[in-house]
file query-v1.csv (CSV, N, CA and C atoms and all ligand atoms)
chain,number,residue,atom,x,y,z
F,15,MET,N,46.3,-21.9,32.8
F,15,MET,CA,47.3,-20.8,32.7
F,15,MET,C,48.2,-21.0,31.6
F,16,PHE,N,48.6,-22.3,31.4
F,16,PHE,CA,49.6,-22.6,30.3
F,16,PHE,C,49.1,-22.2,29.0
F,17,HIS,N,47.8,-22.5,28.7
F,17,HIS,CA,47.2,-22.2,27.4
F,17,HIS,C,47.0,-20.7,27.1
F,18,THR,N,46.5,-20.1,28.2
F,18,THR,CA,46.3,-18.6,28.0
F,18,THR,C,47.6,-17.9,27.9
F,19,GLY,N,48.6,-18.5,28.6
F,19,GLY,CA,50.0,-17.9,28.6
F,19,GLY,C,50.6,-18.0,27.1
F,20,ILE,N,50.3,-19.1,26.5
F,20,ILE,CA,50.8,-19.3,25.1
F,20,ILE,C,50.1,-18.3,24.2
F,21,ILE,N,48.8,-18.1,24.4
F,21,ILE,CA,48.0,-17.1,23.6
F,21,ILE,C,48.6,-15.7,23.8
F,22,VAL,N,48.8,-15.4,25.1
F,22,VAL,CA,49.4,-14.0,25.4
F,22,VAL,C,50.8,-13.9,24.7
F,23,PHE,N,51.5,-14.9,24.7
F,23,PHE,CA,52.9,-14.9,24.1
F,23,PHE,C,52.8,-14.7,22.6
F,24,ILE,N,51.8,-15.4,22.0
F,24,ILE,CA,51.6,-15.2,20.5
F,24,ILE,C,51.2,-13.8,20.2
F,25,PHE,N,50.2,-13.3,21.1
F,25,PHE,CA,49.8,-11.9,20.9
F,25,PHE,C,51.0,-10.9,21.0
F,26,LEU,N,51.9,-11.2,22.0
F,26,LEU,CA,53.0,-10.3,22.2
F,26,LEU,C,53.9,-10.3,20.9
F,27,PHE,N,54.1,-11.5,20.4
F,27,PHE,CA,54.9,-11.6,19.2
F,27,PHE,C,54.3,-10.8,18.0
F,28,LEU,N,53.0,-11.0,17.8
F,28,LEU,CA,52.3,-10.2,16.8
F,28,LEU,C,52.4,-8.7,17.1
F,29,HIS,N,52.2,-8.4,18.3
F,29,HIS,CA,52.3,-7.0,18.7
F,29,HIS,C,53.6,-6.4,18.4
F,30,PHE,N,54.7,-7.2,18.6
F,30,PHE,CA,56.0,-6.7,18.4
F,30,PHE,C,56.2,-6.5,16.8
F,31,ILE,N,55.6,-7.4,16.0
F,31,ILE,CA,55.7,-7.2,14.6
F,31,ILE,C,55.0,-5.9,14.2
F,32,ASP,N,53.8,-5.6,14.9
F,32,ASP,CA,53.1,-4.4,14.6
F,32,ASP,C,53.8,-3.1,14.9
F,33,PHE,N,54.6,-3.1,16.0
F,33,PHE,CA,55.2,-1.8,16.5
F,33,PHE,C,56.7,-2.0,16.7
F,34,TYR,N,57.1,-2.8,17.7
F,34,TYR,CA,58.4,-2.7,18.2
F,34,TYR,C,59.5,-3.2,17.1
F,35,PHE,N,59.2,-4.2,16.4
F,35,PHE,CA,60.1,-4.7,15.4
F,35,PHE,C,60.3,-3.6,14.3
F,36,ILE,N,59.2,-2.8,14.0
F,36,ILE,CA,59.3,-1.7,13.1
F,36,ILE,C,60.3,-0.7,13.6
F,37,LYS,N,60.1,-0.4,14.9
F,37,LYS,CA,60.9,0.6,15.6
F,37,LYS,C,62.4,0.3,15.5
F,38,ILE,N,62.7,-1.0,15.8
F,38,ILE,CA,64.1,-1.3,15.8
F,38,ILE,C,64.7,-1.8,14.4
F,39,GLY,N,63.8,-1.6,13.4
F,39,GLY,CA,64.2,-1.9,12.0
F,39,GLY,C,64.2,-3.3,11.6
F,40,LEU,N,63.6,-4.2,12.4
F,40,LEU,CA,63.6,-5.6,12.0
F,40,LEU,C,62.5,-5.9,10.9
F,41,VAL,N,61.4,-5.0,11.0
F,41,VAL,CA,60.3,-5.2,10.0
F,41,VAL,C,60.1,-3.8,9.3
F,42,ALA,N,59.9,-3.9,8.0
F,42,ALA,CA,59.7,-2.6,7.3
F,42,ALA,C,58.4,-2.0,7.6
F,43,PRO,N,58.3,-0.7,7.8
F,43,PRO,CA,57.0,-0.1,8.0
F,43,PRO,C,56.1,-0.2,6.8
F,44,PRO,N,54.7,-0.3,7.0
F,44,PRO,CA,53.8,-0.4,5.9
F,44,PRO,C,53.9,0.9,5.0
F,45,SER,N,53.6,0.8,3.8
F,45,SER,CA,53.7,2.0,2.9
F,45,SER,C,52.9,3.2,3.4
F,46,GLY,N,53.5,4.3,3.3
F,46,GLY,CA,52.8,5.6,3.7
F,46,GLY,C,52.9,5.9,5.2
F,47,ILE,N,53.6,5.0,6.0
F,47,ILE,CA,53.7,5.2,7.4
F,47,ILE,C,55.2,5.3,7.8
F,48,ALA,N,55.6,6.3,8.5
F,48,ALA,CA,57.0,6.4,8.9
F,48,ALA,C,57.3,5.5,10.0
F,49,ALA,N,58.5,5.0,10.1
F,49,ALA,CA,58.9,4.0,11.1
F,49,ALA,C,58.5,4.4,12.5
F,50,HIS,N,58.5,5.7,12.9
F,50,HIS,CA,58.2,6.1,14.3
F,50,HIS,C,56.9,6.6,14.4
F,51,ASP,N,56.0,6.5,13.4
F,51,ASP,CA,54.7,7.1,13.5
F,51,ASP,C,53.7,6.0,14.1
F,52,PHE,N,53.8,5.8,15.4
F,52,PHE,CA,53.0,4.8,16.1
F,52,PHE,C,51.5,5.1,16.1
F,53,TYR,N,51.3,6.4,16.1
F,53,TYR,CA,49.8,6.8,16.1
F,53,TYR,C,49.2,6.5,14.8
F,54,GLY,N,49.9,6.8,13.7
F,54,GLY,CA,49.4,6.5,12.3
F,54,GLY,C,49.3,5.0,12.1
F,55,ARG,N,50.3,4.2,12.7
F,55,ARG,CA,50.2,2.8,12.6
F,55,ARG,C,49.1,2.2,13.4
F,56,THR,N,48.8,2.8,14.6
F,56,THR,CA,47.7,2.3,15.4
F,56,THR,C,46.4,2.5,14.7
F,57,LEU,N,46.3,3.8,14.1
F,57,LEU,CA,45.0,4.1,13.4
F,57,LEU,C,44.8,3.1,12.3
F,58,ARG,N,45.9,2.9,11.5
F,58,ARG,CA,45.8,2.0,10.3
F,58,ARG,C,45.3,0.6,10.8
F,59,LEU,N,46.0,0.1,11.8
F,59,LEU,CA,45.7,-1.3,12.3
F,59,LEU,C,44.3,-1.4,12.7
F,60,PHE,N,43.8,-0.4,13.5
F,60,PHE,CA,42.4,-0.6,14.1
F,60,PHE,C,41.4,0.0,13.2
F,61,SER,N,41.7,0.3,11.9
F,61,SER,CA,40.7,0.6,11.0
F,61,SER,C,40.1,-0.7,10.4
F,62,SER,N,40.8,-1.8,10.7
F,62,SER,CA,40.3,-3.1,10.3
F,62,SER,C,39.4,-3.8,11.4
F,63,PRO,N,38.2,-4.1,11.1
F,63,PRO,CA,37.4,-4.8,12.1
F,63,PRO,C,38.0,-6.1,12.6
F,64,TRP,N,38.6,-6.8,11.7
F,64,TRP,CA,39.1,-8.2,12.1
F,64,TRP,C,40.3,-8.0,13.0
F,65,TYR,N,41.2,-7.0,12.6
F,65,TYR,CA,42.4,-6.8,13.5
F,65,TYR,C,42.0,-6.3,14.8
F,66,SER,N,41.0,-5.4,14.9
F,66,SER,CA,40.5,-4.8,16.1
F,66,SER,C,40.0,-6.0,17.0
F,67,LEU,N,39.2,-6.9,16.4
F,67,LEU,CA,38.6,-8.0,17.1
F,67,LEU,C,39.7,-8.9,17.6
F,68,LEU,N,40.8,-9.1,16.8
F,68,LEU,CA,41.9,-10.0,17.2
F,68,LEU,C,42.5,-9.4,18.5
F,69,TYR,N,42.7,-8.1,18.5
F,69,TYR,CA,43.3,-7.5,19.7
F,69,TYR,C,42.4,-7.7,20.9
F,70,VAL,N,41.1,-7.4,20.7
F,70,VAL,CA,40.1,-7.5,21.8
F,70,VAL,C,40.1,-9.0,22.3
F,71,VAL,N,40.1,-9.9,21.4
F,71,VAL,CA,40.1,-11.4,21.9
F,71,VAL,C,41.4,-11.7,22.6
F,72,SER,N,42.5,-11.1,22.2
F,72,SER,CA,43.8,-11.3,22.9
F,72,SER,C,43.7,-10.7,24.3
F,73,PHE,N,43.0,-9.6,24.4
F,73,PHE,CA,42.9,-8.9,25.7
F,73,PHE,C,42.0,-9.7,26.7
F,74,VAL,N,41.0,-10.4,26.1
F,74,VAL,CA,40.2,-11.3,26.9
F,74,VAL,C,41.0,-12.4,27.5
F,75,PHE,N,41.9,-13.0,26.6
F,75,PHE,CA,42.7,-14.1,27.1
F,75,PHE,C,43.8,-13.5,28.1
F,76,LEU,N,44.2,-12.3,27.9
F,76,LEU,CA,45.1,-11.7,28.8
F,76,LEU,C,44.4,-11.5,30.2
F,77,GLY,N,43.2,-11.1,30.2
F,77,GLY,CA,42.4,-11.0,31.4
F,77,GLY,C,42.3,-12.3,32.1
F,78,ILE,N,41.9,-13.4,31.4
F,78,ILE,CA,41.8,-14.7,32.0
F,78,ILE,C,43.1,-15.1,32.6
F,79,HIS,N,44.2,-14.9,31.9
F,79,HIS,CA,45.5,-15.2,32.3
F,79,HIS,C,45.9,-14.5,33.6
F,80,LEU,N,45.6,-13.2,33.6
F,80,LEU,CA,45.9,-12.4,34.8
F,80,LEU,C,45.0,-12.8,36.0
F,81,ASN,N,43.8,-13.2,35.7
F,81,ASN,CA,42.9,-13.6,36.8
F,81,ASN,C,43.5,-14.8,37.6
F,82,HIS,N,44.0,-15.8,36.8
F,82,HIS,CA,44.6,-17.0,37.4
F,82,HIS,C,45.9,-16.6,38.1
F,83,ALA,N,46.7,-15.7,37.3
F,83,ALA,CA,48.0,-15.3,37.8
F,83,ALA,C,47.9,-14.6,39.2
F,84,MET,N,46.9,-13.8,39.3
F,84,MET,CA,46.8,-13.1,40.6
F,84,MET,C,46.6,-14.1,41.8
F,85,GLN,N,45.7,-15.1,41.5
F,85,GLN,CA,45.4,-16.0,42.6
F,85,GLN,C,46.7,-16.9,42.9
F,86,SER,N,47.4,-17.2,41.8
F,86,SER,CA,48.6,-18.0,42.0
F,86,SER,C,49.7,-17.2,42.8
F,87,ALA,N,49.7,-15.9,42.4
F,87,ALA,CA,50.7,-15.0,43.1
F,87,ALA,C,50.5,-14.9,44.6
F,88,PHE,N,49.2,-14.7,44.9
F,88,PHE,CA,48.9,-14.6,46.3
F,88,PHE,C,49.2,-15.9,47.1
F,89,GLN,N,49.0,-17.0,46.4
F,89,GLN,CA,49.3,-18.3,47.0
F,89,GLN,C,50.8,-18.5,47.2
F,90,THR,N,51.6,-18.1,46.1
F,90,THR,CA,53.0,-18.2,46.2
F,90,THR,C,53.6,-17.3,47.4
F,91,LEU,N,52.9,-16.2,47.6
F,91,LEU,CA,53.4,-15.3,48.7
F,91,LEU,C,52.9,-15.8,50.0
F,92,GLY,N,52.1,-16.8,50.0
F,92,GLY,CA,51.6,-17.4,51.3
F,92,GLY,C,50.4,-16.7,51.8
F,93,TRP,N,49.8,-15.8,51.0
F,93,TRP,CA,48.6,-15.1,51.5
F,93,TRP,C,47.3,-15.8,51.0
F,94,ASN,N,47.2,-17.1,51.4
F,94,ASN,CA,46.1,-17.9,50.9
F,94,ASN,C,45.3,-18.5,52.1
F,95,HIS,N,45.2,-17.8,53.2
F,95,HIS,CA,44.3,-18.2,54.3
F,95,HIS,C,42.9,-18.2,53.8
F,96,SER,N,42.1,-19.2,54.2
F,96,SER,CA,40.8,-19.3,53.7
F,96,SER,C,39.9,-18.1,54.0
F,97,LYS,N,40.3,-17.4,55.1
F,97,LYS,CA,39.6,-16.1,55.4
F,97,LYS,C,39.7,-15.1,54.3
F,98,TYR,N,40.8,-15.2,53.5
F,98,TYR,CA,41.0,-14.1,52.5
F,98,TYR,C,40.6,-14.6,51.1
F,99,THR,N,40.3,-15.9,50.9
F,99,THR,CA,40.1,-16.4,49.6
F,99,THR,C,39.1,-15.6,48.8
F,100,ASP,N,38.0,-15.2,49.3
F,100,ASP,CA,37.0,-14.5,48.6
F,100,ASP,C,37.5,-13.1,48.2
F,101,ALA,N,38.2,-12.5,49.1
F,101,ALA,CA,38.8,-11.1,48.8
F,101,ALA,C,39.8,-11.2,47.7
F,102,VAL,N,40.7,-12.2,47.8
F,102,VAL,CA,41.7,-12.4,46.8
F,102,VAL,C,41.1,-12.7,45.4
F,103,LYS,N,40.1,-13.5,45.4
F,103,LYS,CA,39.4,-13.8,44.1
F,103,LYS,C,38.8,-12.5,43.6
F,104,PHE,N,38.2,-11.8,44.4
F,104,PHE,CA,37.5,-10.6,44.0
F,104,PHE,C,38.5,-9.5,43.4
F,105,ILE,N,39.6,-9.3,44.2
F,105,ILE,CA,40.6,-8.3,43.7
F,105,ILE,C,41.2,-8.8,42.4
F,106,GLY,N,41.5,-10.1,42.3
F,106,GLY,CA,42.1,-10.6,41.0
F,106,GLY,C,41.1,-10.5,39.9
F,107,SER,N,39.9,-10.8,40.1
F,107,SER,CA,38.9,-10.7,39.0
F,107,SER,C,38.7,-9.2,38.6
F,108,ALA,N,38.6,-8.3,39.6
F,108,ALA,CA,38.3,-6.9,39.3
F,108,ALA,C,39.5,-6.3,38.5
F,109,TYR,N,40.7,-6.7,39.0
F,109,TYR,CA,41.9,-6.2,38.3
F,109,TYR,C,42.0,-6.7,36.8
F,110,SER,N,41.7,-8.0,36.6
F,110,SER,CA,41.7,-8.6,35.3
F,110,SER,C,40.7,-7.9,34.4
F,111,VAL,N,39.5,-7.7,34.9
F,111,VAL,CA,38.5,-7.1,34.0
F,111,VAL,C,38.9,-5.7,33.7
F,112,PHE,N,39.4,-5.0,34.7
F,112,PHE,CA,39.9,-3.6,34.4
F,112,PHE,C,40.9,-3.5,33.3
F,113,ILE,N,41.9,-4.4,33.4
F,113,ILE,CA,43.0,-4.4,32.4
F,113,ILE,C,42.4,-4.8,31.0
F,114,ALA,N,41.6,-5.9,31.0
F,114,ALA,CA,41.1,-6.4,29.7
F,114,ALA,C,40.2,-5.3,29.0
F,115,LEU,N,39.3,-4.7,29.9
F,115,LEU,CA,38.4,-3.7,29.3
F,115,LEU,C,39.2,-2.5,28.9
F,116,GLY,N,40.1,-2.1,29.8
F,116,GLY,CA,40.9,-0.8,29.5
F,116,GLY,C,41.6,-0.9,28.2
F,117,PHE,N,42.3,-2.0,28.0
F,117,PHE,CA,43.1,-2.2,26.7
F,117,PHE,C,42.1,-2.3,25.5
F,118,SER,N,41.0,-3.0,25.8
F,118,SER,CA,40.0,-3.2,24.6
F,118,SER,C,39.4,-1.9,24.2
F,119,LEU,N,39.3,-0.9,25.1
F,119,LEU,CA,38.7,0.3,24.7
F,119,LEU,C,39.5,1.0,23.5
F,120,VAL,N,40.8,0.7,23.5
F,120,VAL,CA,41.6,1.4,22.4
F,120,VAL,C,41.2,0.9,21.0
F,121,PRO,N,41.3,-0.4,20.7
F,121,PRO,CA,40.8,-0.8,19.4
F,121,PRO,C,39.4,-0.5,19.1
F,122,VAL,N,38.5,-0.7,20.1
F,122,VAL,CA,37.1,-0.4,19.9
F,122,VAL,C,36.8,1.0,19.6
F,123,TYR,N,37.4,1.9,20.4
F,123,TYR,CA,37.2,3.4,20.2
F,123,TYR,C,37.8,3.8,18.8
F,124,LEU,N,39.0,3.3,18.5
F,124,LEU,CA,39.6,3.8,17.3
F,124,LEU,C,38.9,3.2,16.1
F,125,TYR,N,38.4,2.0,16.1
F,125,TYR,CA,37.7,1.4,15.0
F,125,TYR,C,36.3,2.2,14.8
F,126,LEU,N,35.6,2.5,15.9
F,126,LEU,CA,34.3,3.1,15.8
F,126,LEU,C,34.3,4.6,15.5
F,127,PHE,N,35.3,5.3,16.1
F,127,PHE,CA,35.2,6.7,16.0
F,127,PHE,C,36.4,7.4,15.3
F,128,LYS,N,37.4,6.7,14.8
F,128,LYS,CA,38.5,7.4,14.1
F,128,LYS,C,38.6,7.0,12.6
R,1,LIG,C1,45.5,-1.5,22.3
R,1,LIG,C2,46.4,-1.7,23.1
R,1,LIG,C3,47.9,-1.4,22.9
R,1,LIG,C4,48.4,-0.5,22.0
R,1,LIG,C5,47.7,0.6,21.1
R,1,LIG,C6,49.9,-0.6,22.1
R,1,LIG,C7,50.8,0.1,21.5
R,1,LIG,C8,52.2,0.0,21.5
R,1,LIG,C9,53.1,0.8,20.8
R,1,LIG,C10,52.8,2.0,20.0
R,1,LIG,C11,54.4,0.3,21.1
R,1,LIG,C12,55.7,0.8,20.7
R,1,LIG,C13,56.3,1.8,21.7
R,1,LIG,C14,57.7,2.1,21.5
R,1,LIG,O1,58.5,1.1,21.1
R,1,LIG,O2,58.2,3.2,21.8
R,1,LIG,C15,54.2,-0.8,22.0
R,1,LIG,C16,55.2,-1.6,22.5
R,1,LIG,C17,55.0,-2.6,23.4
R,1,LIG,N1,53.8,-3.1,23.9
R,1,LIG,FE1,52.0,-2.4,23.4
R,1,LIG,N2,50.1,-1.7,23.0
R,1,LIG,C18,49.0,-2.2,23.5
R,1,LIG,C19,48.8,-3.2,24.4
R,1,LIG,C20,49.8,-4.0,24.9
R,1,LIG,C21,49.6,-5.1,25.8
R,1,LIG,C22,48.3,-5.6,26.3
R,1,LIG,C23,50.9,-5.5,26.2
R,1,LIG,C24,51.3,-6.6,27.1
R,1,LIG,C25,50.6,-7.7,27.3
R,1,LIG,C26,51.8,-4.7,25.4
R,1,LIG,C27,53.2,-4.9,25.5
R,1,LIG,C28,54.1,-4.1,24.8
R,1,LIG,C29,55.5,-4.3,24.8
R,1,LIG,C30,56.3,-5.4,25.7
R,1,LIG,C31,56.1,-3.4,24.0
R,1,LIG,C32,57.6,-3.3,23.6
R,1,LIG,C33,58.4,-2.5,24.6
R,1,LIG,C34,58.4,-1.1,24.4
R,1,LIG,O3,58.6,-0.6,23.2
R,1,LIG,O4,58.2,-0.3,25.3
R,1,LIG,N3,51.1,-3.8,24.7
R,1,LIG,N4,52.8,-1.0,22.2
call {"tool": "encode", "arguments": {"input": "query-v1.csv", "output": "structure tokens", "more": "lines below"}}
Ligand code: HEM
result
Amino acid sequence: MFHTGIIVFIFLFLHFIDFYFIKIGLVAPPSGIAAHDFYGRTLRLFSSPWYSLLYVVSFVFLGIHLNHAMQSAFQTLGWNHSKYTDAVKFIGSAYSVFIALGFSLVPVYLYLFK
């Protein structure tokens, strides 16, 4: 969890440079893109195969991180009876795959079809 957490943290920092830091004026917008044109910025970012791949790989790590996090959260809450272990693992995995796949659809779709 520690390693995937660091990767998610690095992704978030990169993601802030891509959008949020531009919005609050910390980073200059790229030429031809207005500071609040997030759609234009998103299209520009995901026109690059490498950048799209970087986001998808980050989402895979986010999914792995969430998968462990869900199991830990259930344990922390005390819902860790052996009777429920399989269900907890299944729900955590399904949720993580849903999140990782859902977010990944954005760069994949924009790269392929826009
Ligand atoms: C392809 C997927 C994603 C796209 C296209 C996207 C796009 C954006 C955009 C346009 C903003 C700026 C919104 C604004 O400031 O008004 C933003 C902000 C932000 N994003 Fe994402 N995002 C994506 C995935 C993620 C993921 C997976 C996370 C968390 C792990 C995340 C966390 C954040 C945070 C914390 C902010 C700053 C807070 C905010 O402005 O609301 N994003 N994102």
call {"tool": "residues_near_ligand", "arguments": {"input": "query-v1.csv", "ligand": "ligand LIG 1 (chain R)", "cutoff": "5 Å", "atoms": "all atoms listed in the file", "output": "list of chain:residue names"}}
result
F:Phe33, F:Tyr34, F:Phe52, F:Phe117, F:Val120, F:Pro121
call {"tool": "atom_distance", "arguments": {"input": "query-v1.csv", "atom1": "CA of Arg58 in chain F", "atom2": "atom N of Ile24 in chain F"}}
result
21.8 Å
call {"tool": "residues_around", "arguments": {"input": "query-v1.csv", "residues": "Val22 in chain F", "least_positions_apart": "3", "cutoff": "7 Å", "atoms": "only N, CA and C atoms", "output": "tab-separated table (two decimals) with N, CA and C atoms, in the frame of the given file"}}
result
chain	number	residue	atom	x	y	z
F	17	HIS	N	47.80	-22.50	28.70
F	17	HIS	CA	47.20	-22.20	27.40
F	17	HIS	C	47.00	-20.70	27.10
F	18	THR	N	46.50	-20.10	28.20
F	18	THR	CA	46.30	-18.60	28.00
F	18	THR	C	47.60	-17.90	27.90
F	19	GLY	N	48.60	-18.50	28.60
F	19	GLY	CA	50.00	-17.90	28.60
F	19	GLY	C	50.60	-18.00	27.10
F	25	PHE	N	50.20	-13.30	21.10
F	25	PHE	CA	49.80	-11.90	20.90
F	25	PHE	C	51.00	-10.90	21.00
F	26	LEU	N	51.90	-11.20	22.00
F	26	LEU	CA	53.00	-10.30	22.20
F	26	LEU	C	53.90	-10.30	20.90
F	27	PHE	N	54.10	-11.50	20.40
F	27	PHE	CA	54.90	-11.60	19.20
F	27	PHE	C	54.30	-10.80	18.00
F	72	SER	N	42.50	-11.10	22.20
F	72	SER	CA	43.80	-11.30	22.90
F	72	SER	C	43.70	-10.70	24.30
F	75	PHE	N	41.90	-13.00	26.60
F	75	PHE	CA	42.70	-14.10	27.10
F	75	PHE	C	43.80	-13.50	28.10
F	76	LEU	N	44.20	-12.30	27.90
F	76	LEU	CA	45.10	-11.70	28.80
F	76	LEU	C	44.40	-11.50	30.20
call {"tool": "atom_distance", "arguments": {"input": "query-v1.csv", "atom1": "atom C of Leu91 in chain F", "atom2": "atom C of His79 in chain F"}}
result
17.9 Å
call {"tool": "closest_atom_pairs", "arguments": {"input": "query-v1.csv", "of": "range 36-82 of chain F", "to": "range 96-113 of chain F", "cutoff": "6 Å", "atoms": "all atoms listed in the file", "output": "tab-separated table"}}
result
residue	atom	partner	partner_atom	distance
F:Gly77	CA	F:Ser110	CA	4.6
F:Leu80	C	F:Ser110	CA	5.4
F:Asn81	CA	F:Gly106	C	4.7
call {"tool": "closest_residue", "arguments": {"input": "query-v1.csv", "among": "F:Gly46, F:Gly54, F:Gly92, F:Ser62", "to": "Leu124 in chain F", "atoms": "all atoms listed in the file"}}
result
F:Ser62
call {"tool": "select_by_dssp", "arguments": {"input": "query-v1.csv", "residues": "range 21-126 of chain F", "states": "alpha helix (DSSP H)", "output": "PyMOL selection string"}}
result
chain F and resi 21-29+35-37+52-59+63-90+99-126
call {"tool": "atom_distance", "arguments": {"input": "query-v1.csv", "atom1": "CA of Phe30 in chain F", "atom2": "atom N of Leu119 in chain F"}}
result
18.9 Å
call {"tool": "closest_residue", "arguments": {"input": "query-v1.csv", "among": "F:Gly39, F:Phe73, F:Phe16, F:His29", "to": "Thr56 in chain F", "atoms": "only C-alpha atoms"}}
result
F:His29
call {"tool": "residues_around", "arguments": {"input": "query-v1.csv", "residues": "range 41-43 of chain F", "least_positions_apart": "6", "cutoff": "8 Å", "atoms": "only C-alpha atoms", "output": "list in words"}}
result
Ile31, Phe35 and Ala49 of chain F
